[in-house]
Amino acid sequence: MQKSHPVIKNEFLDELFPPKRIVFIVNPKAGTNLQKHIGEAVEKHLNHKRFVYGIWPSEYPGHGFELAKKAVAEGYDIVVAVGGDGSVNEIAPALIGTHAALGIVPAGSGNGLAMHLGYGREITQAVKKLNTAENQLIDVGLLNGRPFFNVAGIGFDGFVSNLMKERN
């Protein structure tokens, strides 16, 4: 992959404005199974002049958090959760208080936060949005000392959430 400025090909500008590093952390058990197409979508729709990327699959519950911490330690600029709201809630806490931005590619059953932030429901649309996305601060809540994004539930909501976890 050749490094170059999006408009002008100039080695000096490449040094001044290097491509951003972006990593896609993929939850292979997310609700819709669309995440299996992430490699194709990134290769076809991500602006390779603006970004160099990695795709890291999570392998077990909590692994997304570990991978996000690793991405921050390795200097990635953007960490993308590829999955649903559960994947976002696993990955995003690792980014709190760091320089890294969160991106979302929806592949869950609900995708509430992705919809609210304008990523839509389609993987290709979300990858295209990453090309022009600007940083936006979002709130984070705490429940029993654990951060959450978008929603948190107790009672019936928690029961349904546990059923979804067991299904995977």
# chains A, B, ... in the order shown; residues from 1 in each chain; ligands from 1

call {"tool": "residues_around", "arguments": {"residues": "segment 141-154 of chain A", "least_positions_apart": "2", "cutoff": "6 Å", "atoms": "only C-alpha atoms", "output": "mmCIF file with N, CA and C atoms, in the first residue's frame"}}
result
data_model
loop_
_atom_site.group_PDB
_atom_site.id
_atom_site.type_symbol
_atom_site.label_atom_id
_atom_site.label_comp_id
_atom_site.auth_asym_id
_atom_site.auth_seq_id
_atom_site.Cartn_x
_atom_site.Cartn_y
_atom_site.Cartn_z
ATOM 1 N N ASN A 89 -20.018 -1.621 23.836
ATOM 2 C CA ASN A 89 -19.868 -1.546 25.284
ATOM 3 C C ASN A 89 -18.656 -2.318 25.791
ATOM 4 N N LEU A 113 -26.671 2.572 19.043
ATOM 5 C CA LEU A 113 -25.735 3.691 19.041
ATOM 6 C C LEU A 113 -25.277 4.019 17.623
ATOM 7 N N ASP A 157 -34.866 -6.135 30.736
ATOM 8 C CA ASP A 157 -33.797 -5.819 29.774
ATOM 9 C C ASP A 157 -32.561 -6.679 30.031
ATOM 10 N N GLY A 158 -32.167 -6.762 31.294
ATOM 11 C CA GLY A 158 -31.010 -7.576 31.658
ATOM 12 C C GLY A 158 -31.232 -9.048 31.370
#

call {"tool": "closest_atom_pairs", "arguments": {"of": "segment 80-115 of chain A", "to": "segment 63-74 of chain A", "cutoff": "10 Å", "atoms": "only C-alpha atoms", "output": "Markdown table"}}
result
| residue | atom | partner | partner_atom | distance |
| --- | --- | --- | --- | --- |
| A:Val80 | CA | A:Ala68 | CA | 8.9 |
| A:Ala81 | CA | A:Gly64 | CA | 8.3 |
| A:Val82 | CA | A:Gly64 | CA | 9.9 |
| A:Ser87 | CA | A:Gly64 | CA | 7.3 |
| A:Val88 | CA | A:Gly64 | CA | 9.0 |
| A:Asn89 | CA | A:Phe65 | CA | 8.9 |
| A:Glu90 | CA | A:Phe65 | CA | 5.5 |
| A:Ile91 | CA | A:Phe65 | CA | 4.6 |
| A:Ala92 | CA | A:Phe65 | CA | 7.6 |
| A:Pro93 | CA | A:Phe65 | CA | 7.3 |
| A:Ala94 | CA | A:Lys69 | CA | 5.4 |
| A:Leu95 | CA | A:Ala68 | CA | 7.1 |
| A:Thr98 | CA | A:Val72 | CA | 7.4 |
| A:His99 | CA | A:Val72 | CA | 7.8 |
| A:Ala100 | CA | A:Val72 | CA | 6.4 |
| A:Ala101 | CA | A:Val72 | CA | 9.6 |
| A:Leu102 | CA | A:Ala68 | CA | 9.8 |

call {"tool": "select_by_dssp", "arguments": {"residues": "segment 7-165 of chain A", "states": "strand (DSSP E)", "output": "PyMOL selection string"}}
result
chain A and resi 20-26+51-57+78-83+101-106+141-143+146-148

call {"tool": "atom_distance", "arguments": {"atom1": "atom CA of Lys49 of chain A", "atom2": "atom CA of Pro19 of chain A"}}
result
6.6 Å

call {"tool": "select_by_dssp", "arguments": {"residues": "segment 45-112 of chain A", "states": "alpha helix (DSSP H)", "output": "number ranges by chain"}}
result
A: 45, 63-73, 85-91, 112

call {"tool": "write_last_selection", "arguments": {"atoms": "all heavy atoms", "output": "CSV table (one decimal), in the first residue's frame"}}
result
chain,number,residue,atom,x,y,z
A,45,HIS,N,-14.1,0.2,0.2
A,45,HIS,CA,-14.7,1.5,0.5
A,45,HIS,C,-13.9,2.4,1.4
A,45,HIS,O,-14.2,3.6,1.5
A,45,HIS,CB,-16.1,1.3,1.1
A,45,HIS,CG,-17.0,0.6,0.2
A,45,HIS,ND1,-17.5,1.2,-1.0
A,45,HIS,CD2,-17.5,-0.7,0.2
A,45,HIS,CE1,-18.3,0.3,-1.6
A,45,HIS,NE2,-18.3,-0.8,-0.9
A,63,HIS,N,-12.3,-10.1,25.1
A,63,HIS,CA,-11.2,-10.0,24.2
A,63,HIS,C,-11.2,-8.7,23.4
A,63,HIS,O,-10.2,-8.1,23.2
A,63,HIS,CB,-11.1,-11.2,23.2
A,63,HIS,CG,-9.8,-11.3,22.5
A,63,HIS,ND1,-9.7,-11.7,21.2
A,63,HIS,CD2,-8.6,-11.1,22.9
A,63,HIS,CE1,-8.5,-11.8,20.9
A,63,HIS,NE2,-7.7,-11.4,21.9
A,64,GLY,N,-12.4,-8.2,23.1
A,64,GLY,CA,-12.5,-6.9,22.4
A,64,GLY,C,-11.9,-5.8,23.2
A,64,GLY,O,-11.2,-4.9,22.7
A,65,PHE,N,-12.1,-5.8,24.5
A,65,PHE,CA,-11.6,-4.8,25.4
A,65,PHE,C,-10.0,-4.9,25.4
A,65,PHE,O,-9.3,-3.9,25.3
A,65,PHE,CB,-12.1,-5.0,26.9
A,65,PHE,CG,-11.5,-4.1,27.9
A,65,PHE,CD1,-12.0,-2.8,28.0
A,65,PHE,CD2,-10.4,-4.4,28.7
A,65,PHE,CE1,-11.5,-1.9,28.9
A,65,PHE,CE2,-9.9,-3.6,29.6
A,65,PHE,CZ,-10.4,-2.3,29.7
A,66,GLU,N,-9.5,-6.1,25.5
A,66,GLU,CA,-8.1,-6.3,25.5
A,66,GLU,C,-7.5,-5.9,24.2
A,66,GLU,O,-6.4,-5.2,24.2
A,66,GLU,CB,-7.7,-7.8,25.7
A,66,GLU,CG,-8.1,-8.4,27.0
A,66,GLU,CD,-8.0,-9.9,27.1
A,66,GLU,OE1,-7.4,-10.5,26.2
A,66,GLU,OE2,-8.6,-10.4,28.1
A,67,LEU,N,-8.1,-6.2,23.1
A,67,LEU,CA,-7.6,-5.7,21.7
A,67,LEU,C,-7.6,-4.2,21.6
A,67,LEU,O,-6.7,-3.6,21.1
A,67,LEU,CB,-8.4,-6.4,20.6
A,67,LEU,CG,-8.3,-7.9,20.5
A,67,LEU,CD1,-9.3,-8.4,19.4
A,67,LEU,CD2,-6.8,-8.2,20.0
A,68,ALA,N,-8.7,-3.6,22.2
A,68,ALA,CA,-8.8,-2.1,22.1
A,68,ALA,C,-7.6,-1.5,22.9
A,68,ALA,O,-7.0,-0.5,22.5
A,68,ALA,CB,-10.1,-1.6,22.6
A,69,LYS,N,-7.3,-2.1,24.1
A,69,LYS,CA,-6.2,-1.6,24.9
A,69,LYS,C,-4.9,-1.7,24.1
A,69,LYS,O,-4.0,-0.8,24.2
A,69,LYS,CB,-6.1,-2.4,26.2
A,69,LYS,CG,-7.1,-2.0,27.3
A,69,LYS,CD,-6.7,-0.7,27.9
A,69,LYS,CE,-7.4,-0.4,29.2
A,69,LYS,NZ,-7.2,0.9,29.7
A,70,LYS,N,-4.7,-2.9,23.5
A,70,LYS,CA,-3.5,-3.1,22.7
A,70,LYS,C,-3.4,-2.1,21.5
A,70,LYS,O,-2.4,-1.5,21.3
A,70,LYS,CB,-3.6,-4.5,22.1
A,70,LYS,CG,-2.5,-4.8,21.1
A,70,LYS,CD,-2.6,-6.2,20.5
A,70,LYS,CE,-1.5,-6.5,19.5
A,70,LYS,NZ,-1.7,-7.6,18.7
A,71,ALA,N,-4.6,-1.8,20.9
A,71,ALA,CA,-4.6,-0.8,19.8
A,71,ALA,C,-4.1,0.6,20.3
A,71,ALA,O,-3.3,1.3,19.6
A,71,ALA,CB,-6.0,-0.7,19.2
A,72,VAL,N,-4.6,1.0,21.5
A,72,VAL,CA,-4.2,2.3,22.0
A,72,VAL,C,-2.7,2.3,22.3
A,72,VAL,O,-2.0,3.2,22.0
A,72,VAL,CB,-5.1,2.6,23.3
A,72,VAL,CG1,-4.5,3.7,24.1
A,72,VAL,CG2,-6.5,2.8,23.0
A,73,ALA,N,-2.2,1.2,22.9
A,73,ALA,CA,-0.8,1.1,23.3
A,73,ALA,C,0.1,1.1,22.0
A,73,ALA,O,1.2,1.6,22.1
A,73,ALA,CB,-0.6,-0.2,24.1
A,85,ASP,N,-24.3,-3.2,19.9
A,85,ASP,CA,-24.2,-2.4,21.0
A,85,ASP,C,-23.3,-3.1,22.1
A,85,ASP,O,-22.6,-2.4,22.8
A,85,ASP,CB,-25.5,-2.0,21.6
A,85,ASP,CG,-26.3,-1.0,20.7
A,85,ASP,OD1,-25.6,-0.1,20.1
A,85,ASP,OD2,-27.5,-1.0,20.7
A,86,GLY,N,-23.4,-4.4,22.2
A,86,GLY,CA,-22.6,-5.2,23.1
A,86,GLY,C,-21.1,-5.0,22.8
A,86,GLY,O,-20.3,-4.9,23.7
A,87,SER,N,-20.8,-5.1,21.5
A,87,SER,CA,-19.4,-4.9,21.1
A,87,SER,C,-18.9,-3.5,21.4
A,87,SER,O,-17.8,-3.4,21.9
A,87,SER,CB,-19.3,-5.2,19.6
A,87,SER,OG,-19.7,-6.5,19.3
A,88,VAL,N,-19.7,-2.5,21.2
A,88,VAL,CA,-19.4,-1.2,21.5
A,88,VAL,C,-19.1,-1.0,23.0
A,88,VAL,O,-18.1,-0.5,23.5
A,88,VAL,CB,-20.5,-0.2,21.1
A,88,VAL,CG1,-20.2,1.2,21.6
A,88,VAL,CG2,-20.6,-0.1,19.6
A,89,ASN,N,-20.0,-1.6,23.8
A,89,ASN,CA,-19.9,-1.5,25.3
A,89,ASN,C,-18.7,-2.3,25.8
A,89,ASN,O,-18.2,-2.1,26.9
A,89,ASN,CB,-21.1,-2.0,26.0
A,89,ASN,CG,-22.2,-0.9,26.1
A,89,ASN,OD1,-21.9,0.2,26.5
A,89,ASN,ND2,-23.4,-1.2,25.7
A,90,GLU,N,-18.2,-3.3,25.0
A,90,GLU,CA,-16.9,-4.0,25.4
A,90,GLU,C,-15.7,-3.2,25.0
A,90,GLU,O,-14.7,-3.2,25.7
A,90,GLU,CB,-16.9,-5.4,24.8
A,90,GLU,CG,-15.7,-6.2,25.2
A,90,GLU,CD,-15.8,-7.6,24.7
A,90,GLU,OE1,-16.9,-8.3,24.9
A,90,GLU,OE2,-14.8,-8.1,24.1
A,91,ILE,N,-15.7,-2.6,23.8
A,91,ILE,CA,-14.5,-2.0,23.2
A,91,ILE,C,-14.3,-0.5,23.7
A,91,ILE,O,-13.2,-0.1,24.1
A,91,ILE,CB,-14.6,-2.0,21.7
A,91,ILE,CG1,-14.4,-3.5,21.3
A,91,ILE,CG2,-13.5,-1.1,21.1
A,91,ILE,CD1,-14.8,-3.7,19.8
A,112,GLY,N,-28.2,0.3,18.1
A,112,GLY,CA,-28.8,1.5,18.6
A,112,GLY,C,-27.9,2.7,18.5
A,112,GLY,O,-28.2,3.8,18.0

call {"tool": "closest_residue", "arguments": {"among": "A:Lys36, A:Lys20, A:His116, A:Arg121", "to": "Pro57 of chain A", "atoms": "only C-alpha atoms"}}
result
A:Lys36

call {"tool": "atom_distance", "arguments": {"atom1": "atom CA of Ile138 of chain A", "atom2": "atom CA of Leu117 of chain A"}}
result
9.6 Å

call {"tool": "closest_residue", "arguments": {"among": "A:Leu16, A:Ile123, A:Ile22, A:Ile96", "to": "Gly108 of chain A", "atoms": "only C-alpha atoms"}}
result
A:Ile123

call {"tool": "atom_distance", "arguments": {"atom1": "atom CA of Asn111 of chain A", "atom2": "atom CA of Gly84 of chain A"}}
result
5.0 Å
